[in-house]
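Novice: Structure: entry_29.csv, CSV, C-alpha atoms.
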chain,number,residue,atom,x,y,z
P,112,GLY,CA,0.0,0.0,0.0
P,113,ALA,CA,2.8,2.4,0.8
P,114,ILE,CA,4.6,1.6,-2.5
P,115,CYS,CA,1.4,2.3,-4.4
P,116,ASP,CA,0.9,5.6,-2.6
P,117,ALA,CA,4.5,6.6,-3.4
P,118,GLU,CA,4.0,5.7,-7.0
P,119,ASN,CA,0.8,7.6,-7.2
P,120,GLY,CA,2.5,10.6,-5.6
P,121,SER,CA,5.3,10.5,-8.1
P,122,LEU,CA,2.8,10.2,-11.0
P,123,GLN,CA,0.9,13.2,-9.7
P,124,ARG,CA,4.1,15.2,-9.6
P,125,VAL,CA,5.0,14.1,-13.2
P,126,LEU,CA,1.5,14.9,-14.5
P,127,GLN,CA,1.4,18.3,-12.6
P,128,GLY,CA,-2.2,18.0,-11.6
P,129,VAL,CA,-3.6,16.8,-14.9
P,130,SER,CA,-6.7,14.7,-14.2
P,131,GLU,CA,-7.2,11.1,-15.3
P,132,VAL,CA,-9.9,12.1,-17.8
P,133,ILE,CA,-7.7,14.7,-19.4
P,134,TYR,CA,-4.8,12.3,-19.6
P,135,ASP,CA,-6.9,9.6,-21.0
P,136,ASN,CA,-8.4,11.8,-23.7
P,137,THR,CA,-5.4,13.9,-24.8
P,138,VAL,CA,-2.0,12.4,-23.8
P,139,SER,CA,-3.1,8.8,-24.1
P,140,VAL,CA,-5.7,7.9,-26.7
P,141,GLY,CA,-6.8,4.2,-26.5
P,142,GLN,CA,-8.1,1.8,-29.1
P,143,LEU,CA,-11.4,2.8,-30.7
P,144,LYS,CA,-11.4,6.1,-28.7
P,145,SER,CA,-10.2,8.5,-31.3
P,146,VAL,CA,-13.7,10.1,-31.4
P,147,THR,CA,-14.0,12.5,-28.5
P,148,GLY,CA,-16.2,11.5,-25.6
P,149,GLN,CA,-18.5,13.4,-23.3
P,150,ASP,CA,-16.0,13.2,-20.5
P,151,LEU,CA,-13.5,15.3,-22.5
P,152,VAL,CA,-16.2,17.8,-23.4
P,153,ARG,CA,-17.2,18.2,-19.8
P,154,GLU,CA,-13.5,18.6,-18.7
P,155,LEU,CA,-13.0,21.2,-21.4
P,156,GLN,CA,-16.1,23.1,-20.3
P,157,ASN,CA,-15.1,23.1,-16.7
P,158,TYR,CA,-11.5,24.0,-17.6
P,159,MET,CA,-12.6,27.0,-19.6
P,160,ALA,CA,-15.0,28.1,-16.9
P,161,GLY,CA,-12.6,27.6,-14.0
P,162,TYR,CA,-9.4,28.7,-15.7
P,163,GLN,CA,-7.5,31.2,-13.4
P,164,GLY,CA,-4.3,31.6,-15.4
P,165,SER,CA,-2.6,28.7,-13.7
P,166,LEU,CA,-3.8,25.9,-15.9
P,167,ASP,CA,-5.8,24.4,-13.0
P,168,SER,CA,-8.7,22.5,-14.4
P,169,SER,CA,-9.4,20.4,-11.3
P,170,ILE,CA,-12.4,22.5,-10.3
P,171,ASP,CA,-15.7,21.1,-11.6
P,172,LEU,CA,-17.6,24.4,-12.3
P,173,THR,CA,-20.7,22.6,-13.3
P,174,ARG,CA,-20.9,20.8,-10.0
P,175,ALA,CA,-19.9,24.0,-8.1
P,176,VAL,CA,-22.7,25.9,-9.8
P,177,GLN,CA,-25.2,23.1,-9.0
P,178,MET,CA,-24.1,23.1,-5.3
P,179,LEU,CA,-24.5,26.9,-5.2
P,180,LYS,CA,-28.0,26.7,-6.7
P,181,MET,CA,-29.0,23.9,-4.3
P,182,THR,CA,-27.7,25.9,-1.4
P,183,ARG,CA,-29.5,29.1,-2.6
P,184,LYS,CA,-32.7,27.1,-3.1
P,185,GLY,CA,-32.4,25.9,0.6
P,186,TYR,CA,-32.2,29.5,1.8
P,187,GLU,CA,-35.0,30.5,-0.5
P,188,VAL,CA,-37.2,27.8,1.0
P,189,GLN,CA,-36.3,29.0,4.5
P,190,ALA,CA,-37.1,32.6,3.6
P,191,GLU,CA,-40.4,31.6,2.0
P,192,ARG,CA,-41.4,29.5,5.1
P,193,ARG,CA,-40.5,32.4,7.4
P,194,LYS,CA,-42.4,34.9,5.2
P,195,LYS,CA,-45.5,32.7,5.2
P,196,ALA,CA,-45.3,32.2,9.0
P,197,THR,CA,-44.9,36.0,9.5
P,198,ILE,CA,-47.9,36.7,7.2
P,199,ALA,CA,-50.0,34.1,9.0
P,200,GLU,CA,-49.1,35.8,12.4
P,201,GLN,CA,-49.8,39.2,10.9
P,202,ASP,CA,-53.2,38.0,9.6
P,203,LYS,CA,-54.1,36.8,13.1
P,204,VAL,CA,-53.2,40.3,14.5
P,205,LEU,CA,-55.2,42.0,11.8
P,206,ALA,CA,-58.2,39.8,12.7
P,207,LYS,CA,-57.9,40.7,16.4
P,208,MET,CA,-57.7,44.4,15.4
P,209,GLU,CA,-60.9,44.2,13.3
P,210,TYR,CA,-62.7,42.4,16.2
P,211,LEU,CA,-61.5,45.1,18.6
P,212,GLU,CA,-62.6,47.9,16.2
P,213,LYS,CA,-66.1,46.4,16.3
P,214,GLU,CA,-66.1,46.2,20.1
P,215,ILE,CA,-64.8,49.8,20.4
P,216,ASP,CA,-67.6,51.0,18.0
P,217,GLU,CA,-70.2,49.2,20.1
P,218,LEU,CA,-68.8,50.8,23.3
P,219,LEU,CA,-68.8,54.3,21.7
P,220,ASP,CA,-72.5,53.7,20.8
P,221,GLN,CA,-73.2,52.7,24.4
P,222,GLN,CA,-71.4,55.8,25.6
P,223,GLU,CA,-73.6,58.0,23.4
P,224,ALA,CA,-76.7,56.2,24.7
P,225,GLN,CA,-75.3,56.7,28.3
P,226,LYS,CA,-75.0,60.4,27.7
P,227,GLY,CA,-78.6,60.5,26.5
P,228,ARG,CA,-79.8,58.7,29.7
P,229,GLU,CA,-77.8,61.1,31.9
P,230,LEU,CA,-79.4,64.1,30.1
P,231,SER,CA,-82.9,62.7,30.5
P,232,SER,CA,-82.5,62.0,34.2
P,233,ARG,CA,-81.2,65.4,35.1
P,234,PRO,CA,-84.6,67.2,35.5
P,235,LYS,CA,-85.5,64.6,38.1
P,236,GLY,CA,-82.1,64.9,39.8
P,237,ASP,CA,-81.4,65.1,43.4
P,238,SER,CA,-81.1,68.9,43.5
P,239,ILE,CA,-84.6,69.4,42.3
P,240,LEU,CA,-86.0,66.7,44.6
P,241,HIS,CA,-84.0,68.2,47.5
P,242,ALA,CA,-85.6,71.5,46.8
P,243,HIS,CA,-89.0,69.9,46.8
P,244,LEU,CA,-88.3,68.3,50.2
P,245,LEU,CA,-87.3,71.6,51.7
P,246,GLU,CA,-90.4,73.2,50.3
P,247,THR,CA,-92.6,70.4,51.8
P,248,HIS,CA,-90.9,70.8,55.2
P,249,ARG,CA,-91.5,74.5,55.1
P,250,LYS,CA,-95.2,73.9,54.2
P,251,MET,CA,-95.5,71.5,57.1
P,252,LYS,CA,-94.1,74.0,59.6
P,253,ILE,CA,-96.4,76.8,58.3
P,254,ASN,CA,-99.3,74.4,58.3
P,255,ARG,CA,-98.7,73.5,61.9
P,256,ILE,CA,-98.3,77.1,63.0
P,257,LEU,CA,-101.4,78.3,61.2
P,258,PHE,CA,-103.7,75.5,62.2
P,259,THR,CA,-102.5,75.5,65.8
P,260,ALA,CA,-102.8,79.3,66.1
P,261,GLY,CA,-106.2,79.3,64.5
P,262,SER,CA,-107.5,76.5,66.7
P,263,LEU,CA,-106.2,78.4,69.9
P,264,ILE,CA,-107.8,81.6,68.8
P,265,LEU,CA,-111.2,80.0,68.1
P,266,LEU,CA,-111.0,78.1,71.3
P,267,GLY,CA,-110.2,81.3,73.2
P,268,LEU,CA,-113.1,83.1,71.6
P,269,SER,CA,-115.4,80.3,72.6
P,270,VAL,CA,-114.4,80.7,76.2
P,271,PHE,CA,-114.7,84.5,76.5
P,272,LEU,CA,-118.1,84.7,74.8
P,273,ASN,CA,-120.6,84.7,77.7
P,274,GLY,CA,-124.3,84.2,77.1
P,275,LYS,CA,-123.8,83.4,73.5
P,276,ALA,CA,-124.0,79.6,73.7
P,277,ALA,CA,-124.6,79.1,70.0
P,278,LEU,CA,-121.7,81.3,69.0
P,279,ARG,CA,-119.4,79.6,71.5
P,280,LEU,CA,-120.4,76.2,70.2
P,281,PHE,CA,-119.7,77.4,66.7
P,282,PHE,CA,-116.2,78.6,67.6
P,283,LEU,CA,-115.5,75.5,69.6
P,284,LEU,CA,-116.6,73.2,66.7
P,285,THR,CA,-114.6,75.3,64.3
P,286,ALA,CA,-111.5,75.1,66.4
P,287,ILE,CA,-111.9,71.4,66.7
P,288,LEU,CA,-112.3,71.0,62.9
P,289,LEU,CA,-109.4,73.4,62.3
P,290,PHE,CA,-107.2,71.4,64.6
P,291,PHE,CA,-108.1,68.0,63.1
P,292,GLY,CA,-107.9,69.5,59.6
P,293,GLY,CA,-104.4,70.7,60.4
P,294,MET,CA,-103.5,67.3,61.6
P,295,LEU,CA,-104.9,65.8,58.4
P,296,ARG,CA,-103.1,68.3,56.3
P,297,ASP,CA,-99.9,67.5,58.2
P,298,ARG,CA,-100.3,63.8,57.5
P,299,ILE,CA,-100.9,64.4,53.8
P,300,LEU,CA,-97.7,66.5,53.7
P,301,LYS,CA,-95.8,63.8,55.5
P,302,GLN,CA,-96.9,61.2,53.0
P,303,GLU,CA,-95.9,63.6,50.2
P,304,LEU,CA,-92.6,64.0,52.0
P,305,ARG,CA,-92.0,60.3,52.1
P,306,LYS,CA,-92.8,59.9,48.4
P,307,LYS,CA,-90.4,62.7,47.5
P,308,ARG,CA,-87.7,61.1,49.7
P,309,LYS,CA,-88.2,57.8,47.9
P,310,LEU,CA,-88.0,59.6,44.6
P,311,LEU,CA,-84.8,61.3,45.8
P,312,GLU,CA,-83.3,58.0,46.9
P,313,ARG,CA,-84.2,56.5,43.5
P,314,ALA,CA,-82.7,59.5,41.7
P,315,VAL,CA,-79.5,59.3,43.7
P,316,SER,CA,-79.3,55.6,43.1
P,317,ARG,CA,-79.9,56.1,39.4
P,318,GLU,CA,-77.3,58.8,39.3
P,319,LYS,CA,-74.8,56.5,41.0
P,320,LYS,CA,-75.6,53.7,38.6
P,321,LEU,CA,-75.3,56.0,35.6
P,322,SER,CA,-72.0,57.3,37.0
P,323,TRP,CA,-70.7,53.8,37.5
P,324,ASP,CA,-71.8,52.8,34.0
P,325,ARG,CA,-70.1,55.8,32.6
P,326,ARG,CA,-66.8,55.1,34.4
P,327,HIS,CA,-67.1,51.4,33.4
P,328,LEU,CA,-67.5,52.3,29.8
P,329,GLU,CA,-64.7,54.8,29.9
P,330,LYS,CA,-62.4,52.2,31.5
P,331,ASN,CA,-63.4,49.6,29.0
P,332,LEU,CA,-62.8,51.9,26.1
P,333,GLU,CA,-59.4,52.9,27.5
P,334,GLU,CA,-58.4,49.2,27.9
P,335,LYS,CA,-59.7,48.4,24.4
P,336,GLY,CA,-57.9,51.4,23.0
P,337,THR,CA,-54.6,50.3,24.7
P,338,ASP,CA,-55.1,46.7,23.3
P,339,TYR,CA,-55.7,48.1,19.9
P,340,GLU,CA,-52.6,50.3,20.0
P,341,ASN,CA,-50.5,47.3,21.1
P,342,LEU,CA,-51.9,45.2,18.2
P,343,LYS,CA,-51.1,48.1,15.8
P,344,ALA,CA,-47.5,48.1,17.1
P,345,GLU,CA,-47.3,44.3,16.7
P,346,TYR,CA,-48.6,44.5,13.2
P,347,ARG,CA,-46.0,47.2,12.3
P,348,GLU,CA,-43.3,44.8,13.7
P,349,TYR,CA,-44.4,42.1,11.4
P,350,GLU,CA,-44.4,44.6,8.5
P,351,GLU,CA,-40.8,45.5,9.5
P,352,GLN,CA,-39.9,41.8,9.6
P,353,LEU,CA,-41.2,41.4,6.0
P,354,ARG,CA,-39.4,44.5,4.8
P,355,LEU,CA,-36.0,44.1,6.4
P,356,PRO,CA,-33.5,41.6,5.1
P,357,HIS,CA,-32.9,38.4,7.1
P,358,PRO,CA,-29.8,36.2,7.2
P,359,GLU,CA,-31.3,33.8,4.7
P,360,ASP,CA,-32.1,36.8,2.4
P,361,GLU,CA,-28.5,38.0,2.7
P,362,GLU,CA,-27.2,34.5,2.0
P,363,THR,CA,-29.5,34.2,-1.1
P,364,ALA,CA,-28.3,37.5,-2.4
P,365,ALA,CA,-24.7,36.5,-1.9
P,366,LEU,CA,-25.2,33.2,-3.6
P,367,THR,CA,-27.0,34.9,-6.5
P,368,LEU,CA,-24.1,37.4,-6.8
P,369,ALA,CA,-21.6,34.5,-6.8
P,370,LEU,CA,-23.6,32.7,-9.5
P,371,GLN,CA,-23.8,35.8,-11.6
P,372,THR,CA,-20.1,36.4,-11.2
P,373,ILE,CA,-19.3,32.8,-12.1
P,374,GLU,CA,-21.5,33.1,-15.2
P,375,GLU,CA,-19.9,36.3,-16.3
P,376,LEU,CA,-16.4,35.1,-15.7
P,377,SER,CA,-17.1,31.8,-17.3
P,378,GLY,CA,-18.6,33.5,-20.3
P,379,ASN,CA,-15.6,35.7,-20.7
P,380,ILE,CA,-13.0,33.0,-20.1
P,381,ASN,CA,-15.0,30.5,-22.3
P,382,ASN,CA,-14.8,33.0,-25.1
P,383,GLN,CA,-11.1,33.5,-24.7
P,384,MET,CA,-10.1,29.9,-24.2
P,385,GLY,CA,-12.7,28.6,-26.6
P,386,SER,CA,-11.3,30.8,-29.3
P,387,ALA,CA,-7.8,29.6,-28.5
P,388,LEU,CA,-9.0,25.9,-28.7
P,389,GLN,CA,-10.9,26.5,-31.8
P,390,ARG,CA,-8.0,28.3,-33.5
P,391,ARG,CA,-5.5,25.6,-32.6
P,392,THR,CA,-7.9,22.8,-33.6
P,393,SER,CA,-8.4,24.5,-37.0
P,394,GLU,CA,-4.6,24.9,-37.5
P,395,ILE,CA,-4.0,21.2,-36.8
P,396,LEU,CA,-6.9,20.0,-39.0
P,397,LYS,CA,-5.8,22.2,-41.8
P,398,GLN,CA,-2.3,20.8,-41.6
P,399,ILE,CA,-3.3,17.1,-41.5
P,400,THR,CA,-5.9,17.5,-44.3
P,401,GLY,CA,-3.6,19.4,-46.6
P,402,GLY,CA,-5.7,22.5,-46.4
P,403,LYS,CA,-9.0,20.8,-47.4
P,404,TYR,CA,-10.7,21.9,-44.1
P,405,ASP,CA,-9.3,25.2,-43.0
P,406,GLN,CA,-11.5,26.1,-40.0
P,407,VAL,CA,-13.4,24.4,-37.2
P,408,LEU,CA,-16.3,26.2,-35.6
P,409,MET,CA,-17.6,25.1,-32.2
P,410,ASP,CA,-20.2,26.4,-29.7
P,411,GLU,CA,-20.0,26.3,-25.9
P,412,ASN,CA,-21.2,22.7,-25.9
P,413,PHE,CA,-18.5,21.7,-28.5
P,414,HIS,CA,-21.0,21.1,-31.2
P,415,MET,CA,-18.8,21.5,-34.3
P,416,THR,CA,-19.0,22.4,-38.0
P,417,VAL,CA,-16.1,22.7,-40.4
P,418,ASN,CA,-15.4,25.2,-43.2
P,419,THR,CA,-14.0,24.4,-46.6
P,420,GLU,CA,-13.0,27.0,-49.2
P,421,GLU,CA,-16.5,26.6,-50.6
P,422,ARG,CA,-19.0,25.9,-47.8
P,423,THR,CA,-19.7,25.0,-44.1
P,424,ILE,CA,-20.4,21.3,-43.4
P,425,HIS,CA,-22.0,19.8,-40.3
P,426,LEU,CA,-20.3,16.8,-38.8
P,427,GLU,CA,-23.1,14.3,-39.6
P,428,ARG,CA,-22.4,15.0,-43.3
P,429,LEU,CA,-18.8,13.9,-43.0
P,430,SER,CA,-17.2,10.5,-43.4
P,431,ARG,CA,-16.0,8.5,-40.4
P,432,GLY,CA,-12.4,9.1,-41.5
P,433,THR,CA,-12.8,12.9,-41.6
P,434,LEU,CA,-14.5,12.7,-38.2
P,435,GLU,CA,-11.5,10.9,-36.8
P,436,GLN,CA,-9.2,13.6,-38.2
P,437,ILE,CA,-11.4,16.4,-36.6
P,438,TYR,CA,-11.5,14.8,-33.2
P,439,PHE,CA,-7.8,13.9,-33.3
P,440,SER,CA,-7.1,17.6,-34.0
P,441,LEU,CA,-9.4,18.6,-31.1
P,442,ARG,CA,-7.6,16.1,-28.7
P,443,MET,CA,-4.2,17.4,-29.6
P,444,ALA,CA,-5.3,21.0,-29.2
P,445,ALA,CA,-6.9,20.2,-25.9
P,446,GLY,CA,-3.8,18.4,-24.7
P,447,GLU,CA,-1.7,21.5,-25.4
P,448,LEU,CA,-4.3,23.7,-23.6
P,449,LEU,CA,-4.9,21.4,-20.6
P,450,CYS,CA,-1.5,19.9,-19.9
P,451,GLY,CA,0.6,22.9,-19.2
P,452,GLU,CA,3.7,24.3,-20.7
P,453,GLU,CA,5.8,21.1,-20.5
P,454,PRO,CA,4.7,18.8,-23.4
P,455,PHE,CA,3.8,15.2,-22.5
P,456,PRO,CA,4.5,12.3,-24.7
P,457,VAL,CA,1.6,11.3,-26.9
P,458,ILE,CA,0.5,7.7,-26.7
P,459,LEU,CA,-1.7,6.4,-29.5
P,460,ASP,CA,-3.0,2.9,-29.1
P,461,ASP,CA,-4.2,1.6,-32.5
P,462,VAL,CA,-6.3,4.7,-33.2
P,463,PHE,CA,-5.8,4.9,-37.0
P,464,GLY,CA,-8.0,2.0,-38.0
P,465,MET,CA,-10.4,4.3,-39.9
P,466,TYR,CA,-7.7,6.3,-41.7
P,467,ASP,CA,-6.8,5.7,-45.3
P,468,GLU,CA,-3.1,6.0,-46.3
P,469,GLU,CA,-3.4,9.6,-47.3
P,470,ARG,CA,-5.0,10.7,-44.0
P,471,LEU,CA,-2.5,8.6,-42.0
P,472,ALA,CA,0.4,10.1,-43.8
P,473,GLY,CA,-0.9,13.6,-43.1
P,474,VAL,CA,-1.2,12.8,-39.4
P,475,LEU,CA,2.3,11.2,-39.2
P,476,HIS,CA,3.9,14.2,-40.9
P,477,TRP,CA,2.2,16.6,-38.4
P,478,LEU,CA,3.3,14.5,-35.4
P,479,TYR,CA,6.9,14.5,-36.7
P,480,ARG,CA,6.9,18.3,-37.2
P,481,GLU,CA,5.7,18.8,-33.6
P,482,LYS,CA,9.0,17.4,-32.3
P,483,ARG,CA,7.3,15.6,-29.5
P,484,GLN,CA,7.8,12.0,-28.3
P,485,ILE,CA,5.1,10.0,-30.0
P,486,ILE,CA,4.4,6.4,-29.0
P,487,ILE,CA,2.2,4.5,-31.5
P,488,SER,CA,0.9,1.0,-30.5
P,489,THR,CA,-0.4,-1.0,-33.4
P,490,CYS,CA,-1.0,-4.6,-34.5
P,491,ASN,CA,-0.2,-4.0,-38.2
P,492,LYS,CA,2.8,-2.7,-40.2
P,493,ARG,CA,0.9,0.0,-42.1
P,494,GLU,CA,2.2,2.9,-40.0
P,495,MET,CA,5.9,1.7,-40.4
P,496,GLU,CA,5.4,1.3,-44.1
P,497,ILE,CA,4.2,4.9,-44.5
P,498,LEU,CA,6.9,6.2,-42.2
P,499,ASP,CA,9.5,4.5,-44.3
P,500,ARG,CA,7.9,5.7,-47.6
P,501,GLU,CA,7.7,9.3,-46.4
P,502,GLY,CA,11.2,9.3,-44.9
P,503,ILE,CA,10.1,10.0,-41.3
P,504,PRO,CA,12.6,8.7,-38.8
P,505,TYR,CA,11.3,6.4,-36.0
P,506,GLN,CA,12.3,3.6,-33.7
P,507,ALA,CA,10.4,0.3,-33.9
P,508,LEU,CA,10.0,-2.1,-31.0
P,509,VAL,CA,8.4,-5.3,-32.0
P,510,LEU,CA,6.9,-7.5,-29.2
Mind turning this structure into structure tokens?
Specialist:
Amino acid sequence: GAICDAENGSLQRVLQGVSEVIYDNTVSVGQLKSVTGQDLVRELQNYMAGYQGSLDSSIDLTRAVQMLKMTRKGYEVQAERRKKATIAEQDKVLAKMEYLEKEIDELLDQQEAQKGRELSSRPKGDSILHAHLLETHRKMKINRILFTAGSLILLGLSVFLNGKAALRLFFLLTAILLFFGGMLRDRILKQELRKKRKLLERAVSREKKLSWDRRHLEKNLEEKGTDYENLKAEYREYEEQLRLPHPEDEETAALTLALQTIEELSGNINNQMGSALQRRTSEILKQITGGKYDQVLMDENFHMTVNTEERTIHLERLSRGTLEQIYFSLRMAAGELLCGEEPFPVILDDVFGMYDEERLAGVLHWLYREKRQIIISTCNKREMEILDREGIPYQALVL
């Protein structure tokens, strides 16, 4: 295990951080793998998006963007839940406020009715009844004085009248009637006095009740008003919570800014590096095809077309041999772009099966002109025959 770890560490130092996918698609091209695969396309996309000037293509920008979007979605869900919970609480407060408003309106109506009752009871108030009581007392005193005095005068007259029996009897009977009439009048006044006292007691009791009702209404209104103001303050707090940013809102904004920045940088770098890849692929293809195809056009997803001197051709219209040449050019250009300044040996494992002799000769001449170490593994002698015929030096190792 330690030996394997040491070997892997040495290999990593040699490859200078080049990933397995890049190595397997550019430096080492295996049998039946000359047509580029989706792994290489993905590596190129990530490399162009994550390029920082240090040829570090180990960052998977697609996965990074997905993770950022997933994280942002989580914060957005949290924010939406918090918002819904706040709105629900705010609606509860609003419902309480509406209910209190109805109660306050009812209390105000009761207060107006109370004022009307107080106004209607004032003519029968205690002050008027008290005056009536005093007047009745005064009448009783006058009545007693007058009737007593009258009775005494008549009685005296009846005593001092000598020889006038009939007149004496008249005065005597009149005095008696006046005395008892005064007593009857006094009794009537006492009854009237008791009635007025009862009315006064009722009036006082009614005034007390009206006063208590008024104070009770005022206190109730004050309490309801205080509760209403507290609910208004609570409602404003919820409005403030909805308006002010929360931690998840700030995180969402930061993640959105990060995604926008990545997209902008990726677009700029993709244009720059994509142009370099497209230009170098076109140069290699033009050289290995003898100028037949002079330009390769590709979009951000590496969908390609090629230009001839006469027209633009989509890849599905090309032969398999030409496709092999195009993707070979792309792999070589990608290897130069992705593998740093130090050139690696190119290992080609039986990749020219679909090439005719003319195409194969063009590729071998280009490989020789690149002055790089090329290792070709093949099960036939066609490559050596063309190298001999074209006068391209090589070393053969037959196993």
Novice: Would you list the contacts of range 354-370 of chain P as a PyMOL selection string, taking every protein, DNA or RNA residue within 8 Å and counting only C-alpha atoms, but skipping same-chain residues closer than 4 positions in sequence?
Specialist: chain P and resi 176+179-180+183+186-187+189-190+350+374
Novice: Under the rule that all atoms listed in the file are counted, which of P:Glu469, P:Glu427, P:Glu420, P:Glu214 is the nearest residue to Glu334 in chain P?
Specialist: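 Of P:Glu469, P:Glu427, P:Glu420, P:Glu214, the one nearest Glu334 in chain P is P:Glu214, counting all atoms listed in the file.
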Novice: Report as a VMD selection string all protein, DNA and RNA residues lying within 12 Å of Arg390 in chain P, evaluated on only C-alpha atoms, omitting residues in the same chain fewer than 2 positions from it.
Specialist: chain P and resid 382 to 388 392 to 397 405 to 409 440 to 441 444 to 445 448
Novice: Show me, as AutoDock Vina command-line options, the centre and edge lengths in Å to one decimal of the axis-aligned box that covers every listed atom of range 475-493 of chain P with 3 Å on each side.
Specialist:
--center_x 4.0 --center_y 7.1 --center_z -35.2 --size_x 16.0 --size_y 29.4 --size_z 19.8
Novice: What is the distance, in Å and to one decimal place, between CA of Arg228 in chain P and CA of Arg305 in chain P?
Specialist: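 Atom-to-atom, CA of Arg228 in chain P to CA of Arg305 in chain P, that is 25.6 Å.
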Novice: Could you tell me which of P:Asp297, P:Leu510, P:Arg317, P:Trp477 comes closest to Ile256 in chain P if we count all atoms listed in the file?
Specialist: P:Asp297
Novice: Between CA of Phe439 in chain P and CA of Asp499 in chain P, what distance in Å does the model show, to one decimal?
Specialist: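 Distance reported for this atom pair: 22.6 Å.
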Novice: Excluding same-chain residues fewer than 2 positions from range 479-494 of chain P, what lies within 10 Å of it counting only C-alpha atoms, as a PyMOL selection string?
Specialist: chain P and resi 138-142+454-464+468+471-472+474-477+496-500+503-510
Novice: Just the selected residues (C-alpha atoms), exported as a JSON list (two decimals), keeping the file's coordinate frame, please.
Specialist:
[["chain", "number", "residue", "atom", "x", "y", "z"],
["P", 138, "VAL", "CA", -2.00, 12.40, -23.80],
["P", 139, "SER", "CA", -3.10, 8.80, -24.10],
["P", 140, "VAL", "CA", -5.70, 7.90, -26.70],
["P", 141, "GLY", "CA", -6.80, 4.20, -26.50],
["P", 142, "GLN", "CA", -8.10, 1.80, -29.10],
["P", 454, "PRO", "CA", 4.70, 18.80, -23.40],
["P", 455, "PHE", "CA", 3.80, 15.20, -22.50],
["P", 456, "PRO", "CA", 4.50, 12.30, -24.70],
["P", 457, "VAL", "CA", 1.60, 11.30, -26.90],
["P", 458, "ILE", "CA", 0.50, 7.70, -26.70],
["P", 459, "LEU", "CA", -1.70, 6.40, -29.50],
["P", 460, "ASP", "CA", -3.00, 2.90, -29.10],
["P", 461, "ASP", "CA", -4.20, 1.60, -32.50],
["P", 462, "VAL", "CA", -6.30, 4.70, -33.20],
["P", 463, "PHE", "CA", -5.80, 4.90, -37.00],
["P", 464, "GLY", "CA", -8.00, 2.00, -38.00],
["P", 468, "GLU", "CA", -3.10, 6.00, -46.30],
["P", 471, "LEU", "CA", -2.50, 8.60, -42.00],
["P", 472, "ALA", "CA", 0.40, 10.10, -43.80],
["P", 474, "VAL", "CA", -1.20, 12.80, -39.40],
["P", 475, "LEU", "CA", 2.30, 11.20, -39.20],
["P", 476, "HIS", "CA", 3.90, 14.20, -40.90],
["P", 477, "TRP", "CA", 2.20, 16.60, -38.40],
["P", 496, "GLU", "CA", 5.40, 1.30, -44.10],
["P", 497, "ILE", "CA", 4.20, 4.90, -44.50],
["P", 498, "LEU", "CA", 6.90, 6.20, -42.20],
["P", 499, "ASP", "CA", 9.50, 4.50, -44.30],
["P", 500, "ARG", "CA", 7.90, 5.70, -47.60],
["P", 503, "ILE", "CA", 10.10, 10.00, -41.30],
["P", 504, "PRO", "CA", 12.60, 8.70, -38.80],
["P", 505, "TYR", "CA", 11.30, 6.40, -36.00],
["P", 506, "GLN", "CA", 12.30, 3.60, -33.70],
["P", 507, "ALA", "CA", 10.40, 0.30, -33.90],
["P", 508, "LEU", "CA", 10.00, -2.10, -31.00],
["P", 509, "VAL", "CA", 8.40, -5.30, -32.00],
["P", 510, "LEU", "CA", 6.90, -7.50, -29.20]]
Novice: I want to know what sits within 9 Å of Glu212 in chain P, based on only C-alpha atoms, with residues of the same chain fewer than 3 positions away left out; could you give that as a list in words?
Specialist: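 Answer for this query is Lys207, Met208, Glu209, Ile215, Asp216, Glu217, Lys335, Gly336 and Tyr339 of chain P.
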